[in-house]
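Dumped final00.pdb below, it's PDB, C-alpha atoms and all ligand atoms:
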```pdb
ATOM      1  CA  MET A 300      -8.461   9.179  12.285  1.00  0.00           C
ATOM      2  CA  GLY A 301     -10.918  11.981  13.000  1.00  0.00           C
ATOM      3  CA  THR A 302     -14.384  11.653  14.402  1.00  0.00           C
ATOM      4  CA  GLY A 303     -16.051  12.599  11.125  1.00  0.00           C
ATOM      5  CA  LEU A 304     -15.715   9.179   9.569  1.00  0.00           C
ATOM      6  CA  ALA A 305     -18.582   8.497   7.167  1.00  0.00           C
ATOM      7  CA  TRP A 306     -19.581   5.041   5.997  1.00  0.00           C
ATOM      8  CA  GLU A 307     -20.946   4.735   2.502  1.00  0.00           C
ATOM      9  CA  CYS A 308     -22.993   1.767   1.394  1.00  0.00           C
ATOM     10  CA  GLU A 309     -21.476   0.527  -1.850  1.00  0.00           C
ATOM     11  CA  ILE A 310     -23.923  -2.283  -2.557  1.00  0.00           C
ATOM     12  CA  ASP A 311     -25.285  -1.948  -6.103  1.00  0.00           C
ATOM     13  CA  GLY A 312     -24.277   1.723  -6.212  1.00  0.00           C
ATOM     14  CA  CYS A 313     -26.600   2.466  -3.277  1.00  0.00           C
ATOM     15  CA  GLY A 314     -24.475   5.386  -2.053  1.00  0.00           C
ATOM     16  CA  GLU A 315     -26.296   5.988   1.237  1.00  0.00           C
ATOM     17  CA  VAL A 316     -23.984   7.525   3.827  1.00  0.00           C
ATOM     18  CA  PHE A 317     -24.048   6.813   7.566  1.00  0.00           C
ATOM     19  CA  GLY A 318     -22.393   8.527  10.496  1.00  0.00           C
ATOM     20  CA  ASP A 319     -21.439   5.281  12.207  1.00  0.00           C
ATOM     21  CA  ILE A 320     -20.652   1.735  11.201  1.00  0.00           C
ATOM     22  CA  GLU A 321     -23.472   0.226  13.266  1.00  0.00           C
ATOM     23  CA  SER A 322     -26.075   2.129  11.215  1.00  0.00           C
ATOM     24  CA  ALA A 323     -24.349   1.238   7.965  1.00  0.00           C
ATOM     25  CA  VAL A 324     -24.249  -2.479   8.790  1.00  0.00           C
ATOM     26  CA  THR A 325     -27.873  -2.506   9.944  1.00  0.00           C
ATOM     27  CA  HIS A 326     -28.860  -0.796   6.695  1.00  0.00           C
ATOM     28  CA  GLN A 327     -26.896  -3.277   4.580  1.00  0.00           C
ATOM     29  CA  ALA A 328     -28.476  -6.213   6.385  1.00  0.00           C
ATOM     30  CA  THR A 329     -32.051  -4.931   6.196  1.00  0.00           C
ATOM     31  CA  ALA A 330     -32.323  -2.809   3.024  1.00  0.00           C
ATOM     32  CA  HIS A 331     -30.484  -5.142   0.678  1.00  0.00           C
ATOM     33  CA  ASP A 332     -30.889  -8.763  -0.353  1.00  0.00           C
ATOM     34  CA  HIS A 333     -28.721 -11.322   1.380  1.00  0.00           C
ATOM     35  CA  LEU A 334     -26.004 -13.129  -0.538  1.00  0.00           C
ATOM     36  CA  GLU A 335     -25.236 -16.793  -0.776  1.00  0.00           C
ATOM     37  CA  CYS A 336     -21.653 -17.463   0.257  1.00  0.00           C
ATOM     38  CA  GLU A 337     -19.811 -18.960  -2.707  1.00  0.00           C
ATOM     39  CA  ILE A 338     -17.815 -21.182  -0.389  1.00  0.00           C
ATOM     40  CA  CYS A 339     -20.316 -22.678   2.075  1.00  0.00           C
ATOM     41  CA  ASP A 340     -23.730 -21.665   0.602  1.00  0.00           C
ATOM     42  CA  ALA A 341     -24.708 -19.854   3.810  1.00  0.00           C
ATOM     43  CA  LEU A 342     -27.041 -16.895   3.341  1.00  0.00           C
ATOM     44  CA  VAL A 343     -25.299 -13.803   4.714  1.00  0.00           C
ATOM     45  CA  PRO A 344     -26.175 -10.088   4.660  1.00  0.00           C
ATOM     46  CA  ASP A 345     -24.367  -8.225   1.878  1.00  0.00           C
ATOM     47  CA  GLY A 346     -21.654  -5.652   2.569  1.00  0.00           C
ATOM     48  CA  TYR A 347     -19.543  -5.698   5.724  1.00  0.00           C
ATOM     49  CA  LEU A 348     -21.134  -8.827   7.210  1.00  0.00           C
ATOM     50  CA  ALA A 349     -20.511 -10.801   4.018  1.00  0.00           C
ATOM     51  CA  ILE A 350     -16.863  -9.768   4.075  1.00  0.00           C
ATOM     52  CA  ARG A 351     -16.539 -10.590   7.771  1.00  0.00           C
ATOM     53  CA  HIS A 352     -18.153 -13.994   7.171  1.00  0.00           C
ATOM     54  CA  THR A 353     -15.789 -14.819   4.327  1.00  0.00           C
ATOM     55  CA  PHE A 354     -12.653 -13.747   6.164  1.00  0.00           C
ATOM     56  CA  THR A 355     -13.467 -15.277   9.543  1.00  0.00           C
ATOM     57  CA  GLU A 356     -15.180 -18.506   8.453  1.00  0.00           C
ATOM     58  CA  HIS A 357     -12.945 -19.250   5.495  1.00  0.00           C
ATOM     59  CA  SER A 358      -9.298 -18.998   4.570  1.00  0.00           C
ATOM     60  CA  ARG A 359      -7.876 -16.391   2.191  1.00  0.00           C
ATOM     61  CA  ALA A 360      -7.097 -19.193  -0.265  1.00  0.00           C
ATOM     62  CA  GLU A 361     -10.729 -20.371  -0.275  1.00  0.00           C
ATOM     63  CA  TYR A 362     -11.887 -16.804  -0.869  1.00  0.00           C
ATOM     64  CA  VAL A 363      -9.490 -16.280  -3.767  1.00  0.00           C
ATOM     65  CA  ARG A 364     -10.504 -19.574  -5.376  1.00  0.00           C
ATOM     66  CA  ALA A 365     -14.274 -19.182  -4.955  1.00  0.00           C
ATOM     67  CA  TYR A 366     -14.480 -15.534  -5.998  1.00  0.00           C
ATOM     68  CA  GLY A 367     -11.661 -15.346  -8.520  1.00  0.00           C
ATOM     69  CA  ALA A 368     -10.131 -12.637  -6.336  1.00  0.00           C
ATOM     70  CA  ASN A 369      -6.563 -11.342  -6.409  1.00  0.00           C
ATOM     71  CA  SER A 370      -4.257 -10.120  -3.660  1.00  0.00           C
ATOM     72  CA  ALA A 371      -5.472  -6.535  -4.068  1.00  0.00           C
ATOM     73  CA  ASP A 372      -9.049  -7.693  -3.384  1.00  0.00           C
ATOM     74  CA  VAL A 373      -7.865  -9.512  -0.270  1.00  0.00           C
ATOM     75  CA  ARG A 374      -5.900  -6.499   0.966  1.00  0.00           C
ATOM     76  CA  GLU A 375      -8.825  -4.126   0.382  1.00  0.00           C
ATOM     77  CA  ARG A 376     -11.143  -6.317   2.463  1.00  0.00           C
ATOM     78  CA  GLU A 377      -8.599  -6.904   5.216  1.00  0.00           C
ATOM     79  CA  GLU A 378      -8.136  -3.138   5.481  1.00  0.00           C
ATOM     80  CA  LEU A 379     -11.882  -2.617   5.752  1.00  0.00           C
ATOM     81  CA  LEU A 380     -12.127  -5.190   8.539  1.00  0.00           C
ATOM     82  CA  GLU A 381      -9.248  -3.513  10.402  1.00  0.00           C
ATOM     83  CA  THR A 382     -10.777  -0.054   9.968  1.00  0.00           C
ATOM     84  CA  VAL A 383     -14.095  -1.287  11.333  1.00  0.00           C
ATOM     85  CA  ALA A 384     -12.409  -3.071  14.246  1.00  0.00           C
ATOM     86  CA  ASP A 385     -10.779   0.248  15.189  1.00  0.00           C
ATOM     87  CA  VAL A 386     -14.113   1.973  15.702  1.00  0.00           C
ATOM     88  CA  ALA A 387     -16.488  -0.788  16.766  1.00  0.00           C
ATOM     89  CA  ASP A 388     -16.619  -4.219  18.335  1.00  0.00           C
ATOM     90  CA  PRO A 389     -16.874  -6.497  15.295  1.00  0.00           C
ATOM     91  CA  GLU A 390     -18.735  -9.111  17.348  1.00  0.00           C
ATOM     92  CA  SER A 391     -21.534  -6.685  18.176  1.00  0.00           C
ATOM     93  CA  LEU A 392     -22.098  -5.610  14.589  1.00  0.00           C
ATOM     94  CA  GLY A 393     -25.062  -7.310  13.006  1.00  0.00           C
ATOM     95  CA  SER A 394     -26.123  -8.896  16.288  1.00  0.00           C
ATOM     96  CA  ASP A 395     -29.402  -6.986  16.112  1.00  0.00           C
ATOM     97  CA  VAL A 396     -30.175  -7.964  12.554  1.00  0.00           C
ATOM     98  CA  GLN A 397     -30.567 -11.721  12.858  1.00  0.00           C
ATOM     99  CA  GLU A 398     -33.393 -12.982  10.725  1.00  0.00           C
TER     100      GLU A 398
HETATM  101 ZN    ZN B 401     -27.348   0.471   0.741  1.00  0.00          ZN
HETATM  102 ZN    ZN B 402     -19.229 -19.143   3.835  1.00  0.00          ZN
END
```
Can you dump the structure from the file as structure tokens?
Amino acid sequence: MGTGLAWECEIDGCGEVFGDIESAVTHQATAHDHLECEICDALVPDGYLAIRHTFTEHSRAEYVRAYGANSADVREREELLETVADVADPESLGSDVQE
């Protein structure tokens, strides 16, 4: 992995690109509407934080059932979480965007 990793916001075709994950997550949590979790009805920021919520608060089986997801969807999101964990402390992400 090089240092030139760019993070693109994919919410609603937004397409904004950020040089680090912290900026991307802050953008997703502040520039876009929050989502209601299909499993527990919690309101969570869209993008990375929504994925982290789903995969840390709920089981894979709950996710698949609530979102009609398949194993490729699960793998894609698990890979994103791993990629982010490689470059940042997942716990610190979004800590400055509490409403
Ligand atoms: Zn965006
Ligand atoms: Zn939830």
Pull out every residue that the PyMOL selection byres (((not hetatm)) within 6 of (chain B and resi 401)) matches in the shown coordinates and put them as a ChimeraX atom specification.
/A:308,310,313,315,327
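Going from atom CA of A:Asp345 over to atom CA of A:His333, you cover 5.4 Å.
What separates atom CA of A:Tyr347 from atom CA of A:Val324 is a distance of 6.5 Å.
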List as a tab-separated table every residue of chain A that is in contact with ligand ZN 402 (chain B), defined as an atom at most 6 Å from one of its atoms (using only C-alpha atoms and all ligand atoms), together with the nearest atom pair and the distance in Å rounded to one decimal, sorted by chain and then rising number.
```
residue	atom	partner	partner_atom	distance
A:Cys336	CA	B:ZN402	ZN	4.6
A:Ile338	CA	B:ZN402	ZN	4.9
A:Cys339	CA	B:ZN402	ZN	4.1
A:Ala341	CA	B:ZN402	ZN	5.5
A:Thr353	CA	B:ZN402	ZN	5.5
```
Residue selection dump (C-alpha atoms) as a PDB file, in the frame of the given file:
```
ATOM      1  CA  CYS A 336     -21.653 -17.463   0.257  1.00  0.00           C
ATOM      2  CA  ILE A 338     -17.815 -21.182  -0.389  1.00  0.00           C
ATOM      3  CA  CYS A 339     -20.316 -22.678   2.075  1.00  0.00           C
ATOM      4  CA  ALA A 341     -24.708 -19.854   3.810  1.00  0.00           C
ATOM      5  CA  THR A 353     -15.789 -14.819   4.327  1.00  0.00           C
TER       6      THR A 353
END
```
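Taking only C-alpha atoms into account, A:Arg351 lies nearest to A:Leu380 out of the set A:Val316, A:Ser322, A:Glu309, A:Leu380.
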Between atom CA of A:His357 and atom CA of A:Ala305, what is the spacing in Å?
28.4 Å
Translate the PyMOL selection byres (((chain A and resi 373) around 12) and not hetatm), as applied to the file shown, into an explicit residue set as a list of chain:residue names.
A:Ile350, A:Arg351, A:Thr353, A:Phe354, A:Ser358, A:Arg359, A:Ala360, A:Glu361, A:Tyr362, A:Val363, A:Arg364, A:Tyr366, A:Gly367, A:Ala368, A:Asn369, A:Ser370, A:Ala371, A:Asp372, A:Arg374, A:Glu375, A:Arg376, A:Glu377, A:Glu378, A:Leu379, A:Leu380
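The point (-29.4, -6.0, 11.8) has these residues within 12 Å of it, counting only C-alpha atoms: Ile320, Glu321, Ser322, Ala323, Val324, Thr325, His326, Gln327, Ala328, Thr329, Ala330, His331, His333, Val343, Pro344, Asp345, Tyr347, Leu348, Ser391, Leu392, Gly393, Ser394, Asp395, Val396, Gln397 and Glu398 of chain A.
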Where does the PyMOL selection byres (((chain A and resi 386) around 10) and not hetatm) land in this file, that is, which residues does it pick, as a PyMOL selection string?
chain A and resi 300+302+304+319-321+381-385+387-389
Please define a box with edges along x, y and z of the file around all atoms of stretch 381-390 of chain A given in the file, extend it by 6 Å on each side, and return its centre and edge lengths in Å to one decimal, as lines of an AutoDock Vina configuration file.
```
center_x = -14.0
center_y = -3.6
center_z = 14.2
size_x = 21.5
size_y = 23.1
size_z = 20.4
```
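Using all atoms listed in the file, the nearest neighbour of A:Glu390 within the list A:Asp340, A:Trp306, A:Thr355, A:Gly312 is A:Thr355.
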